[in-house]
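Heads up, run.pdb below (PDB, C-alpha atoms and all ligand atoms):
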ATOM      1  CA  MET A  30      -3.856 -82.429 -57.077
ATOM      2  CA  LYS A  31      -1.798 -80.664 -59.742
ATOM      3  CA  PRO A  32      -1.494 -76.938 -58.920
ATOM      4  CA  ARG A  33      -3.571 -74.811 -61.307
ATOM      5  CA  THR A  34      -1.198 -71.838 -60.929
ATOM      6  CA  ASP A  35       2.264 -71.295 -59.499
ATOM      7  CA  LEU A  36       0.823 -68.900 -56.889
ATOM      8  CA  VAL A  37       1.234 -69.201 -53.150
ATOM      9  CA  VAL A  38      -1.911 -67.974 -51.366
ATOM     10  CA  VAL A  39      -1.228 -65.822 -48.311
ATOM     11  CA  SER A  40      -4.139 -64.685 -46.192
ATOM     12  CA  GLY A  41      -4.620 -61.739 -43.901
ATOM     13  CA  SER A  42      -6.658 -61.682 -40.703
ATOM     14  CA  GLY A  43     -10.364 -62.186 -41.285
ATOM     15  CA  CYS A  44      -9.694 -63.811 -44.634
ATOM     16  CA  THR A  45      -8.622 -67.309 -43.632
ATOM     17  CA  ARG A  46     -11.789 -69.122 -44.655
ATOM     18  CA  LEU A  47     -11.977 -67.552 -48.099
ATOM     19  CA  ALA A  48      -8.230 -67.848 -48.708
ATOM     20  CA  MET A  49      -8.228 -71.553 -47.754
ATOM     21  CA  GLU A  50     -11.139 -72.147 -50.103
ATOM     22  CA  LEU A  51      -9.261 -70.245 -52.795
ATOM     23  CA  SER A  52      -6.093 -72.269 -52.315
ATOM     24  CA  ARG A  53      -8.184 -75.441 -52.488
ATOM     25  CA  HIS A  54      -9.594 -74.418 -55.887
ATOM     26  CA  LEU A  55      -6.133 -73.492 -57.111
ATOM     27  CA  ALA A  56      -4.509 -76.530 -55.489
ATOM     28  CA  ALA A  57      -2.005 -73.968 -54.240
ATOM     29  CA  THR A  58       0.030 -73.714 -51.046
ATOM     30  CA  PHE A  59      -1.706 -71.707 -48.320
ATOM     31  CA  LYS A  60       0.146 -69.629 -45.754
ATOM     32  CA  PRO A  61      -1.448 -67.211 -43.283
ATOM     33  CA  LEU A  62       0.028 -63.918 -42.142
ATOM     34  CA  VAL A  63       0.670 -63.665 -38.426
ATOM     35  CA  THR A  64      -1.167 -60.580 -37.206
ATOM     36  CA  ARG A  65      -2.108 -59.036 -33.919
ATOM     37  CA  GLU A  66      -3.201 -55.722 -32.565
ATOM     38  CA  PHE A  67      -1.033 -53.859 -30.082
ATOM     39  CA  PRO A  68      -2.797 -52.390 -27.054
ATOM     40  CA  ASP A  69      -2.808 -48.946 -28.693
ATOM     41  CA  GLY A  70      -4.519 -50.228 -31.858
ATOM     42  CA  GLU A  71      -1.429 -50.483 -34.085
ATOM     43  CA  LEU A  72      -1.117 -53.660 -36.152
ATOM     44  CA  TYR A  73       1.659 -56.229 -36.066
ATOM     45  CA  VAL A  74       2.204 -58.203 -39.264
ATOM     46  CA  ARG A  75       4.638 -61.034 -39.928
ATOM     47  CA  VAL A  76       4.733 -62.620 -43.356
ATOM     48  CA  PRO A  77       5.346 -66.344 -43.886
ATOM     49  CA  GLN A  78       8.843 -67.526 -44.676
ATOM     50  CA  GLU A  79       9.650 -69.369 -47.901
ATOM     51  CA  VAL A  80       8.089 -66.857 -50.258
ATOM     52  CA  ARG A  81      11.433 -65.876 -51.790
ATOM     53  CA  GLY A  82      11.126 -66.094 -55.577
ATOM     54  CA  GLU A  83       7.422 -66.978 -55.367
ATOM     55  CA  ARG A  84       4.410 -65.374 -56.978
ATOM     56  CA  VAL A  85       2.103 -64.523 -54.087
ATOM     57  CA  ALA A  86      -1.660 -63.961 -54.096
ATOM     58  CA  LEU A  87      -2.269 -61.968 -50.917
ATOM     59  CA  ALA A  88      -5.892 -61.995 -49.721
ATOM     60  CA  ILE A  89      -6.882 -59.098 -47.487
ATOM     61  CA  CYS A  90     -10.502 -59.019 -46.346
ATOM     62  CA  SER A  91     -11.833 -55.635 -45.506
ATOM     63  CA  GLY A  92     -15.216 -55.213 -43.852
ATOM     64  CA  ARG A  93     -16.215 -53.360 -40.746
ATOM     65  CA  ARG A  94     -12.553 -52.440 -40.143
ATOM     66  CA  PRO A  95     -11.535 -50.944 -43.506
ATOM     67  CA  ASN A  96      -8.710 -48.840 -42.105
ATOM     68  CA  ASP A  97      -7.062 -51.830 -40.435
ATOM     69  CA  ALA A  98      -7.391 -53.816 -43.664
ATOM     70  CA  LEU A  99      -5.619 -51.099 -45.622
ATOM     71  CA  ILE A 100      -2.753 -50.897 -43.133
ATOM     72  CA  GLU A 101      -2.532 -54.698 -43.120
ATOM     73  CA  ALA A 102      -2.248 -54.615 -46.924
ATOM     74  CA  VAL A 103       0.464 -51.937 -46.805
ATOM     75  CA  LEU A 104       2.553 -53.765 -44.177
ATOM     76  CA  ALA A 105       2.128 -57.185 -45.792
ATOM     77  CA  VAL A 106       2.818 -56.204 -49.423
ATOM     78  CA  LYS A 107       5.912 -54.182 -48.555
ATOM     79  CA  THR A 108       7.258 -56.984 -46.347
ATOM     80  CA  LEU A 109       6.517 -59.781 -48.821
ATOM     81  CA  THR A 110       8.448 -57.785 -51.398
ATOM     82  CA  ARG A 111      11.313 -57.114 -48.993
ATOM     83  CA  VAL A 112      11.708 -60.808 -48.172
ATOM     84  CA  GLY A 113      11.906 -61.667 -51.859
ATOM     85  CA  ALA A 114       8.438 -62.468 -53.247
ATOM     86  CA  ARG A 115       8.784 -62.255 -57.021
ATOM     87  CA  GLU A 116       5.346 -60.747 -57.478
ATOM     88  CA  VAL A 117       2.402 -59.844 -55.246
ATOM     89  CA  ILE A 118      -1.165 -59.904 -56.550
ATOM     90  CA  LEU A 119      -3.518 -58.275 -54.061
ATOM     91  CA  ILE A 120      -6.926 -59.867 -53.627
ATOM     92  CA  MET A 121      -9.246 -57.473 -51.854
ATOM     93  CA  PRO A 122     -12.684 -59.102 -52.211
ATOM     94  CA  TYR A 123     -14.460 -56.116 -50.681
ATOM     95  CA  PHE A 124     -12.845 -52.938 -51.918
ATOM     96  CA  PRO A 125     -13.286 -50.283 -49.231
ATOM     97  CA  TYR A 126     -13.866 -46.562 -49.801
ATOM     98  CA  ALA A 127     -15.392 -47.123 -53.252
ATOM     99  CA  ARG A 128     -18.623 -45.279 -52.529
ATOM    100  CA  GLN A 129     -16.845 -41.918 -52.152
ATOM    101  CA  ASP A 130     -15.985 -41.797 -55.845
ATOM    102  CA  GLN A 131     -16.293 -38.071 -56.397
ATOM    103  CA  GLU A 132     -16.163 -34.736 -54.633
ATOM    104  CA  PHE A 133     -19.805 -34.232 -53.720
ATOM    105  CA  SER A 134     -19.022 -31.090 -51.688
ATOM    106  CA  PRO A 135     -15.953 -28.872 -52.165
ATOM    107  CA  GLY A 136     -12.912 -30.121 -50.285
ATOM    108  CA  GLU A 137     -14.012 -33.733 -49.875
ATOM    109  CA  ALA A 138     -11.460 -36.492 -50.398
ATOM    110  CA  VAL A 139     -12.166 -38.600 -53.489
ATOM    111  CA  SER A 140     -11.430 -41.687 -51.414
ATOM    112  CA  LEU A 141     -11.738 -44.270 -54.193
ATOM    113  CA  SER A 142      -8.932 -42.734 -56.288
ATOM    114  CA  ILE A 143      -6.719 -42.087 -53.284
ATOM    115  CA  VAL A 144      -7.008 -45.648 -51.952
ATOM    116  CA  ALA A 145      -6.407 -47.055 -55.446
ATOM    117  CA  GLU A 146      -3.255 -44.900 -55.809
ATOM    118  CA  LEU A 147      -2.054 -45.964 -52.363
ATOM    119  CA  LEU A 148      -2.342 -49.661 -53.252
ATOM    120  CA  GLU A 149      -0.718 -49.198 -56.654
ATOM    121  CA  ALA A 150       2.195 -47.389 -55.025
ATOM    122  CA  LEU A 151       2.970 -50.529 -52.997
ATOM    123  CA  GLY A 152       4.191 -52.185 -56.186
ATOM    124  CA  ILE A 153       1.520 -54.874 -56.514
ATOM    125  CA  SER A 154       1.396 -56.353 -60.005
ATOM    126  CA  ALA A 155      -2.390 -56.719 -60.109
ATOM    127  CA  LEU A 156      -5.522 -56.399 -58.030
ATOM    128  CA  VAL A 157      -8.526 -58.716 -57.935
ATOM    129  CA  THR A 158     -11.756 -57.630 -56.303
ATOM    130  CA  VAL A 159     -15.399 -58.694 -56.278
ATOM    131  CA  ASP A 160     -18.482 -56.675 -57.233
ATOM    132  CA  MET A 161     -16.681 -53.409 -56.693
ATOM    133  CA  HIS A 162     -19.020 -50.509 -56.058
ATOM    134  CA  LEU A 163     -18.590 -48.811 -59.428
ATOM    135  CA  HIS A 164     -21.252 -46.193 -59.739
ATOM    136  CA  ARG A 165     -20.195 -43.049 -61.509
ATOM    137  CA  VAL A 166     -17.108 -44.913 -62.719
ATOM    138  CA  LYS A 167     -17.955 -47.282 -65.575
ATOM    139  CA  SER A 168     -15.220 -49.877 -65.200
ATOM    140  CA  ILE A 169     -12.429 -50.848 -62.859
ATOM    141  CA  GLY A 170      -9.946 -49.976 -65.617
ATOM    142  CA  GLU A 171     -10.782 -46.319 -65.039
ATOM    143  CA  VAL A 172      -9.747 -46.605 -61.392
ATOM    144  CA  PHE A 173      -6.403 -48.415 -61.663
ATOM    145  CA  ARG A 174      -3.397 -48.081 -63.925
ATOM    146  CA  ILE A 175      -2.214 -51.593 -63.033
ATOM    147  CA  LYS A 176      -4.077 -54.733 -64.115
ATOM    148  CA  ALA A 177      -7.285 -54.888 -62.096
ATOM    149  CA  ILE A 178     -10.029 -57.486 -62.337
ATOM    150  CA  ASN A 179     -13.519 -57.134 -60.924
ATOM    151  CA  VAL A 180     -15.277 -60.507 -60.725
ATOM    152  CA  SER A 181     -18.849 -61.035 -59.594
ATOM    153  CA  GLY A 182     -20.333 -63.124 -56.821
ATOM    154  CA  MET A 183     -23.863 -62.651 -58.157
ATOM    155  CA  GLY A 184     -23.830 -65.896 -60.151
ATOM    156  CA  GLU A 185     -22.893 -67.877 -57.021
ATOM    157  CA  LEU A 186     -25.562 -66.082 -54.972
ATOM    158  CA  ALA A 187     -28.192 -66.708 -57.640
ATOM    159  CA  ARG A 188     -27.432 -70.436 -57.782
ATOM    160  CA  TYR A 189     -27.607 -70.633 -53.980
ATOM    161  CA  VAL A 190     -30.982 -68.861 -53.846
ATOM    162  CA  SER A 191     -32.448 -70.983 -56.605
ATOM    163  CA  LYS A 192     -31.192 -74.210 -54.987
ATOM    164  CA  ASN A 193     -32.342 -73.344 -51.461
ATOM    165  CA  TYR A 194     -35.492 -71.271 -51.963
ATOM    166  CA  GLY A 195     -36.891 -72.644 -55.191
ATOM    167  CA  GLU A 196     -38.178 -70.894 -58.280
ATOM    168  CA  GLY A 197     -40.600 -68.099 -59.127
ATOM    169  CA  PHE A 198     -38.532 -65.177 -57.845
ATOM    170  CA  THR A 199     -38.517 -61.717 -59.342
ATOM    171  CA  VAL A 200     -35.109 -60.118 -58.851
ATOM    172  CA  VAL A 201     -35.302 -56.610 -57.396
ATOM    173  CA  ALA A 202     -32.615 -53.944 -57.559
ATOM    174  CA  PRO A 203     -33.277 -51.435 -54.762
ATOM    175  CA  ASP A 204     -31.786 -48.609 -56.830
ATOM    176  CA  GLU A 205     -30.369 -47.821 -60.249
ATOM    177  CA  GLU A 206     -26.816 -48.647 -59.076
ATOM    178  CA  ALA A 207     -27.908 -52.200 -58.311
ATOM    179  CA  ARG A 208     -29.296 -52.782 -61.825
ATOM    180  CA  GLN A 209     -25.965 -54.369 -62.826
ATOM    181  CA  TRP A 210     -26.238 -56.969 -60.016
ATOM    182  CA  ALA A 211     -29.904 -57.681 -60.789
ATOM    183  CA  GLU A 212     -29.021 -58.257 -64.450
ATOM    184  CA  ILE A 213     -26.400 -60.898 -63.641
ATOM    185  CA  PHE A 214     -28.539 -62.536 -60.944
ATOM    186  CA  SER A 215     -31.718 -62.723 -63.029
ATOM    187  CA  LYS A 216     -29.873 -64.048 -66.078
ATOM    188  CA  GLU A 217     -28.389 -66.840 -63.962
ATOM    189  CA  ILE A 218     -31.794 -68.051 -62.736
ATOM    190  CA  GLY A 219     -33.792 -67.122 -65.840
ATOM    191  CA  ALA A 220     -36.007 -64.651 -63.960
ATOM    192  CA  ASP A 221     -37.334 -61.147 -64.585
ATOM    193  CA  TYR A 222     -35.920 -58.186 -62.727
ATOM    194  CA  LEU A 223     -37.172 -54.766 -61.771
ATOM    195  CA  VAL A 224     -35.382 -51.667 -60.554
ATOM    196  CA  LEU A 225     -36.720 -49.471 -57.758
ATOM    197  CA  GLU A 226     -35.858 -45.808 -57.205
ATOM    198  CA  LYS A 227     -33.860 -44.810 -54.153
ATOM    199  CA  GLU A 228     -33.449 -41.354 -52.724
ATOM    200  CA  ARG A 229     -30.808 -41.196 -50.002
ATOM    201  CA  LYS A 230     -31.271 -38.462 -47.442
ATOM    202  CA  GLY A 231     -28.694 -39.656 -44.918
ATOM    203  CA  ASP A 232     -26.666 -42.684 -43.823
ATOM    204  CA  GLU A 233     -29.770 -44.348 -42.369
ATOM    205  CA  ASP A 234     -32.501 -42.458 -44.157
ATOM    206  CA  VAL A 235     -33.565 -43.602 -47.622
ATOM    207  CA  ARG A 236     -36.851 -43.480 -49.536
ATOM    208  CA  ILE A 237     -37.585 -46.218 -52.043
ATOM    209  CA  ARG A 238     -40.361 -46.088 -54.608
ATOM    210  CA  GLY A 239     -41.357 -48.151 -57.607
ATOM    211  CA  GLU A 240     -44.061 -49.867 -59.562
ATOM    212  CA  VAL A 241     -44.400 -53.514 -58.625
ATOM    213  CA  SER A 242     -47.077 -55.706 -60.105
ATOM    214  CA  LYS A 243     -47.823 -59.429 -59.986
ATOM    215  CA  VAL A 244     -44.796 -60.233 -57.832
ATOM    216  CA  LYS A 245     -45.294 -62.873 -55.137
ATOM    217  CA  LYS A 246     -41.682 -63.829 -54.408
ATOM    218  CA  ALA A 247     -38.802 -61.365 -54.577
ATOM    219  CA  VAL A 248     -35.082 -61.504 -54.032
ATOM    220  CA  ILE A 249     -33.578 -58.066 -53.396
ATOM    221  CA  VAL A 250     -29.974 -57.935 -54.577
ATOM    222  CA  ASP A 251     -27.293 -55.399 -53.770
ATOM    223  CA  ASP A 252     -23.526 -55.227 -53.649
ATOM    224  CA  ILE A 253     -23.345 -54.070 -50.018
ATOM    225  CA  ILE A 254     -25.544 -54.374 -46.968
ATOM    226  CA  SER A 255     -24.204 -51.950 -44.404
ATOM    227  CA  THR A 256     -26.822 -50.507 -42.023
ATOM    228  CA  GLY A 257     -29.569 -52.521 -43.748
ATOM    229  CA  THR A 258     -31.514 -49.330 -44.446
ATOM    230  CA  THR A 259     -31.670 -49.861 -48.217
ATOM    231  CA  ILE A 260     -32.840 -53.476 -48.024
ATOM    232  CA  ALA A 261     -35.390 -52.701 -45.296
ATOM    233  CA  ALA A 262     -36.851 -49.779 -47.256
ATOM    234  CA  ALA A 263     -37.016 -51.874 -50.433
ATOM    235  CA  ALA A 264     -38.716 -54.719 -48.548
ATOM    236  CA  LEU A 265     -41.336 -52.393 -47.071
ATOM    237  CA  THR A 266     -42.104 -51.054 -50.550
ATOM    238  CA  LEU A 267     -42.453 -54.583 -51.929
ATOM    239  CA  ARG A 268     -44.778 -55.570 -49.101
ATOM    240  CA  GLU A 269     -47.013 -52.548 -49.828
ATOM    241  CA  TYR A 270     -47.476 -54.116 -53.246
ATOM    242  CA  GLY A 271     -48.417 -57.483 -51.754
ATOM    243  CA  VAL A 272     -45.145 -59.362 -52.213
ATOM    244  CA  GLU A 273     -45.416 -62.387 -49.917
ATOM    245  CA  GLU A 274     -41.912 -63.775 -49.721
ATOM    246  CA  ILE A 275     -38.742 -61.681 -49.703
ATOM    247  CA  ILE A 276     -35.108 -62.823 -49.576
ATOM    248  CA  ALA A 277     -32.143 -60.414 -49.466
ATOM    249  CA  ALA A 278     -28.863 -61.287 -51.172
ATOM    250  CA  CYS A 279     -25.656 -59.265 -51.181
ATOM    251  CA  THR A 280     -22.026 -59.772 -51.995
ATOM    252  CA  HIS A 281     -20.529 -57.758 -49.143
ATOM    253  CA  GLY A 282     -22.313 -58.137 -45.815
ATOM    254  CA  LEU A 283     -21.016 -55.508 -43.454
ATOM    255  CA  PHE A 284     -24.084 -55.695 -41.190
ATOM    256  CA  VAL A 285     -23.242 -52.761 -38.975
ATOM    257  CA  ALA A 286     -25.089 -52.752 -35.652
ATOM    258  CA  GLY A 287     -28.809 -53.275 -35.956
ATOM    259  CA  ALA A 288     -28.825 -54.139 -39.680
ATOM    260  CA  GLU A 289     -30.143 -57.664 -39.250
ATOM    261  CA  ALA A 290     -33.011 -56.602 -36.953
ATOM    262  CA  LYS A 291     -33.961 -53.781 -39.314
ATOM    263  CA  ILE A 292     -34.079 -56.117 -42.312
ATOM    264  CA  VAL A 293     -35.968 -58.879 -40.543
ATOM    265  CA  SER A 294     -38.546 -56.507 -39.084
ATOM    266  CA  ALA A 295     -39.167 -55.157 -42.591
ATOM    267  CA  GLY A 296     -40.422 -58.644 -43.486
ATOM    268  CA  VAL A 297     -37.368 -60.212 -45.107
ATOM    269  CA  LYS A 298     -37.487 -63.976 -44.625
ATOM    270  CA  ASP A 299     -33.784 -64.690 -45.025
ATOM    271  CA  ILE A 300     -30.491 -63.010 -45.836
ATOM    272  CA  VAL A 301     -27.650 -64.491 -47.885
ATOM    273  CA  ALA A 302     -24.192 -63.002 -48.314
ATOM    274  CA  THR A 303     -20.845 -64.122 -49.694
ATOM    275  CA  ASP A 304     -17.636 -64.713 -47.769
ATOM    276  CA  SER A 305     -16.003 -61.565 -49.204
ATOM    277  CA  VAL A 306     -16.541 -60.232 -45.684
ATOM    278  CA  ALA A 307     -16.711 -62.618 -42.719
ATOM    279  CA  ASN A 308     -20.261 -62.436 -41.359
ATOM    280  CA  GLN A 309     -23.039 -64.626 -40.014
ATOM    281  CA  PHE A 310     -24.854 -64.810 -43.389
ATOM    282  CA  ALA A 311     -21.810 -65.724 -45.505
ATOM    283  CA  ARG A 312     -23.140 -68.954 -46.999
ATOM    284  CA  VAL A 313     -21.781 -68.508 -50.517
ATOM    285  CA  SER A 314     -18.106 -68.423 -51.461
ATOM    286  CA  VAL A 315     -16.538 -66.142 -54.038
ATOM    287  CA  ALA A 316     -13.444 -68.371 -54.143
ATOM    288  CA  VAL A 317     -14.267 -69.832 -57.574
ATOM    289  CA  PRO A 318     -14.604 -66.543 -59.516
ATOM    290  CA  ILE A 319     -11.434 -65.247 -57.826
ATOM    291  CA  ALA A 320      -9.573 -68.506 -58.580
ATOM    292  CA  ASN A 321     -10.643 -68.324 -62.236
ATOM    293  CA  ALA A 322      -9.367 -64.737 -62.504
ATOM    294  CA  LEU A 323      -6.011 -65.779 -61.041
ATOM    295  CA  ILE A 324      -5.735 -68.750 -63.401
ATOM    296  CA  ASP A 325      -6.522 -66.510 -66.392
ATOM    297  CA  MET A 326      -3.822 -64.133 -65.239
ATOM    298  CA  SER A 327      -1.138 -66.776 -64.839
ATOM    299  CA  PRO A 328       1.861 -66.531 -67.160
TER
HETATM  300  C1  LIG B 401     -24.949 -48.003 -52.155
HETATM  301  O1  LIG B 401     -25.451 -47.434 -53.082
HETATM  302  C2  LIG B 401     -24.824 -49.485 -52.087
HETATM  303  O2  LIG B 401     -25.024 -50.100 -53.310
HETATM  304  C3  LIG B 401     -25.748 -50.067 -51.039
HETATM  305  O3  LIG B 401     -27.075 -49.917 -51.458
HETATM  306  C4  LIG B 401     -25.561 -49.396 -49.726
HETATM  307  O4  LIG B 401     -24.207 -49.305 -49.391
HETATM  308  C5  LIG B 401     -26.295 -50.136 -48.646
HETATM  309  O5  LIG B 401     -26.105 -49.471 -47.447
HETATM  310  P1  LIG B 401     -27.159 -49.595 -46.290
HETATM  311  O6  LIG B 401     -27.292 -51.046 -45.957
HETATM  312  O7  LIG B 401     -26.552 -48.800 -45.164
HETATM  313  O8  LIG B 401     -28.426 -48.976 -46.777
END
Here is the file; what I need is its structure written in the form of structure tokens.
Amino acid sequence: MKPRTDLVVVSGSGCTRLAMELSRHLAATFKPLVTREFPDGELYVRVPQEVRGERVALAICSGRRPNDALIEAVLAVKTLTRVGAREVILIMPYFPYARQDQEFSPGEAVSLSIVAELLEALGISALVTVDMHLHRVKSIGEVFRIKAINVSGMGELARYVSKNYGEGFTVVAPDEEARQWAEIFSKEIGADYLVLEKERKGDEDVRIRGEVSKVKKAVIVDDIISTGTTIAAAALTLREYGVEEIIAACTHGLFVAGAEAKIVSAGVKDIVATDSVANQFARVSVAVPIANALIDMSP
């Protein structure tokens, strides 16, 4: 197949499946990083040979090990540049540290800006991410000074849900922040959406309220499922209003310990996530939206 860009796709640990899918859509060469962890927890990274003079799309998948992913990105970008890559575009499908986007209490790190500055300082030419958690920040352009593209996996998730679970769903955003995902999802399947109200009291303590009427089937959509607390609380609220069938869909499935059990025991029938983070529910790929962004960006 004729390559759709001149990029070479290089993948980090935990990103092989998505990066291979991406290279397939781009008809591009795929090369994995060699990585391992030393006994003390430090990372070893070796970049592929034959990248001299090449434009490289480096895919680093963060997830439950965000700190390792960041160090992997630092070591890989600097080394790819040292061995002669002409350009490095960083693909970080799940952008870590985005939720701490302001100083909520005096002295707190504004992690989002600091991580963005760290990655920019590596000399990457552009960054591509997926459904970045942009809450108080309106657009990704406010976070980065380099070219940064935020694509969405919600269209792919919506098509998967409609194909596998049928029609008649109302799309539910568990909180105001998730309205943006519900809008994309509901537009894709031609459904209505509603937005619940979330009050977060702690990492695993949220209250969700809302008015729900005449809903029999619901798909709760969010960018991230971490502890599962948000989805479980939203599902319990929906069930109080007589919703009979509930599916949960998210872009980034972190599923920290106990999340699945919490969600299932709240009455959720099935969970669907994308492959932005490797997890047991990753049945939908975000390779196509990422590939399209890379093609658009090609010289
Ligand atoms: C935060 O506002 C995000 O959009 C998610 O709702 C949140 O990260 C989900 O976390 P958890 O699964 O721990 O409730």
Please tabulate, as CSV, the residues of range 136-213 of chain A that come within 10 Å of range 249-262 of chain A, each with its closest pair of atoms and the distance in Å to one decimal, counting all atoms listed in the file and ordering rows by chain, then residue number upward.
residue,atom,partner,partner_atom,distance
A:Val159,CA,A:Asp252,CA,9.2
A:Asp160,CA,A:Asp252,CA,6.4
A:Met161,CA,A:Asp252,CA,7.7
A:His162,CA,A:Asp252,CA,7.0
A:Leu163,CA,A:Asp252,CA,9.9
A:Ser181,CA,A:Asp252,CA,9.5
A:Gly182,CA,A:Asp252,CA,9.1
A:Met183,CA,A:Val250,CA,8.5
A:Leu186,CA,A:Val250,CA,9.3
A:Ala187,CA,A:Val250,CA,9.5
A:Phe198,CA,A:Ile249,CA,9.7
A:Thr199,CA,A:Ile249,CA,8.5
A:Val200,CA,A:Ile249,CA,6.0
A:Val201,CA,A:Ile249,CA,4.6
A:Ala202,CA,A:Val250,CA,5.6
A:Pro203,CA,A:Ile249,CA,6.8
A:Asp204,CA,A:Asp251,CA,8.7
A:Glu206,CA,A:Asp251,CA,8.6
A:Ala207,CA,A:Asp251,CA,5.6
A:Arg208,CA,A:Asp251,CA,8.7
A:Gln209,CA,A:Asp251,CA,9.2
A:Trp210,CA,A:Asp251,CA,6.5
A:Ala211,CA,A:Val250,CA,6.2
A:Glu212,CA,A:Val250,CA,9.9
Write out as a list in words which residues come within 9 Å of Val301 in chain A when counting all atoms listed in the file, dropping same-chain ones fewer than 6 positions away.
Leu186, Tyr189, Val190, Ile276, Ala277, Ala278, Cys279, Thr280, Gly282, Phe310, Ala311, Arg312 and Val313 of chain A
So that I have them on file, write out the residues from the current selection with C-alpha atoms, as a PDB file, in the frame of the given file.
ATOM      1  CA  LEU A 186     -25.562 -66.082 -54.972  1.00  0.00           C
ATOM      2  CA  TYR A 189     -27.607 -70.633 -53.980  1.00  0.00           C
ATOM      3  CA  VAL A 190     -30.982 -68.861 -53.846  1.00  0.00           C
ATOM      4  CA  ILE A 276     -35.108 -62.823 -49.576  1.00  0.00           C
ATOM      5  CA  ALA A 277     -32.143 -60.414 -49.466  1.00  0.00           C
ATOM      6  CA  ALA A 278     -28.863 -61.287 -51.172  1.00  0.00           C
ATOM      7  CA  CYS A 279     -25.656 -59.265 -51.181  1.00  0.00           C
ATOM      8  CA  THR A 280     -22.026 -59.772 -51.995  1.00  0.00           C
ATOM      9  CA  GLY A 282     -22.313 -58.137 -45.815  1.00  0.00           C
ATOM     10  CA  PHE A 310     -24.854 -64.810 -43.389  1.00  0.00           C
ATOM     11  CA  ALA A 311     -21.810 -65.724 -45.505  1.00  0.00           C
ATOM     12  CA  ARG A 312     -23.140 -68.954 -46.999  1.00  0.00           C
ATOM     13  CA  VAL A 313     -21.781 -68.508 -50.517  1.00  0.00           C
TER      14      VAL A 313
END
Residues matched by the PyMOL selection byres (((chain A and resi 66-74) around 9) and not hetatm) as an NGL selection string
:A and (41 or 62-65 or 75-76 or 97 or 100-101 or 104-105 or 108)
Residues just named, written with C-alpha atoms as an mmCIF file, in the coordinates of the input:
data_model
loop_
_atom_site.group_PDB
_atom_site.id
_atom_site.type_symbol
_atom_site.label_atom_id
_atom_site.label_comp_id
_atom_site.auth_asym_id
_atom_site.auth_seq_id
_atom_site.Cartn_x
_atom_site.Cartn_y
_atom_site.Cartn_z
ATOM 1 C CA GLY A 41 -4.620 -61.739 -43.901
ATOM 2 C CA LEU A 62 0.028 -63.918 -42.142
ATOM 3 C CA VAL A 63 0.670 -63.665 -38.426
ATOM 4 C CA THR A 64 -1.167 -60.580 -37.206
ATOM 5 C CA ARG A 65 -2.108 -59.036 -33.919
ATOM 6 C CA ARG A 75 4.638 -61.034 -39.928
ATOM 7 C CA VAL A 76 4.733 -62.620 -43.356
ATOM 8 C CA ASP A 97 -7.062 -51.830 -40.435
ATOM 9 C CA ILE A 100 -2.753 -50.897 -43.133
ATOM 10 C CA GLU A 101 -2.532 -54.698 -43.120
ATOM 11 C CA LEU A 104 2.553 -53.765 -44.177
ATOM 12 C CA ALA A 105 2.128 -57.185 -45.792
ATOM 13 C CA THR A 108 7.258 -56.984 -46.347
#
Name the residues captured by the PyMOL selection byres (((chain A and resi 318) around 12) and not hetatm) when it is applied to the shown file; answer as a PyMOL selection string.
chain A and resi 47+50-51+54-55+120+122+157-160+178-186+303+305+313-317+319-325
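With the shown file loaded, the PyMOL selection byres (((chain A and resi 33) around 8) and not hetatm) picks out Lys31, Pro32, Thr34, Asp35, Leu55, Ala56, Ala57 and Ile324 of chain A.
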Residue contacts of Gly43 in chain A (8 Å, all atoms listed in the file) excluding same-chain residues fewer than 4 positions away, as a count of residues only:
5
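If you look at CA of Ile118 in chain A and CA of Leu283 in chain A, they are 24.2 Å away from each other.
As for atom O7 of ligand LIG 401 (chain B) and CA of Val166 in chain A, they are spaced 20.3 Å apart.
Here the question is which of A:Asn308, A:Gln129, A:Ser168, A:Gln78 gets nearest to ligand LIG 401 (chain B) using all atoms listed in the file, and that residue is A:Gln129.
CA of Asp130 in chain A is positioned 7.2 Å from CA of Arg165 in chain A.
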Rank A:Lys107, A:Lys60, A:Lys176, A:Lys167 by their smallest atom-to-atom distance to Ala150 in chain A, using only C-alpha atoms, and report the top residue only.
A:Lys107
Neighbour list for Ala177 in chain A as a list in words, cut-off 9 Å, all atoms listed in the file, skip fewer than 3 positions in-chain
Ala155, Leu156, Val157, Thr158, Ile169, Gly170, Val172, Phe173 and Arg174 of chain A
Would you save the residues from that selection as a compact mmCIF listing (two decimals), in the frame of the given file, using C-alpha atoms?
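What landed in result_38.txt:
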# COMPACT_ATOMS: atom_id res chain seq x y z
CA ALA A 155 -2.39 -56.72 -60.11
CA LEU A 156 -5.52 -56.40 -58.03
CA VAL A 157 -8.53 -58.72 -57.94
CA THR A 158 -11.76 -57.63 -56.30
CA ILE A 169 -12.43 -50.85 -62.86
CA GLY A 170 -9.95 -49.98 -65.62
CA VAL A 172 -9.75 -46.60 -61.39
CA PHE A 173 -6.40 -48.42 -61.66
CA ARG A 174 -3.40 -48.08 -63.92
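Across A:Glu146, A:Glu196, A:Asp234, A:Glu273, the tightest approach to ligand LIG 401 (chain B) is made by A:Asp234 when counting only C-alpha atoms and all ligand atoms.
Counting all atoms listed in the file and comparing A:Arg84, A:Arg94, A:Arg188, A:Lys291, the residue that lies closest to ligand LIG 401 (chain B) is A:Lys291.
For the choices A:Val139, A:Ala127, A:Val244, A:Ala88, the atom-to-atom distance to Val39 in chain A is smallest for A:Ala88 when using all atoms listed in the file.
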With all atoms listed in the file as the basis for distance, which of A:Asp299, A:Asp232, A:Glu116, A:Glu289 is at the shortest distance from ligand LIG 401 (chain B)?
A:Asp232
Centre and edge lengths of an axis-aligned box around all listed atoms of ligand LIG 401 (chain B), with 6 Å added on each side, are to be given in Å to one decimal, as AutoDock Vina command-line options.
--center_x -26.3 --center_y -49.2 --center_z -49.2 --size_x 16.2 --size_y 15.6 --size_z 20.1
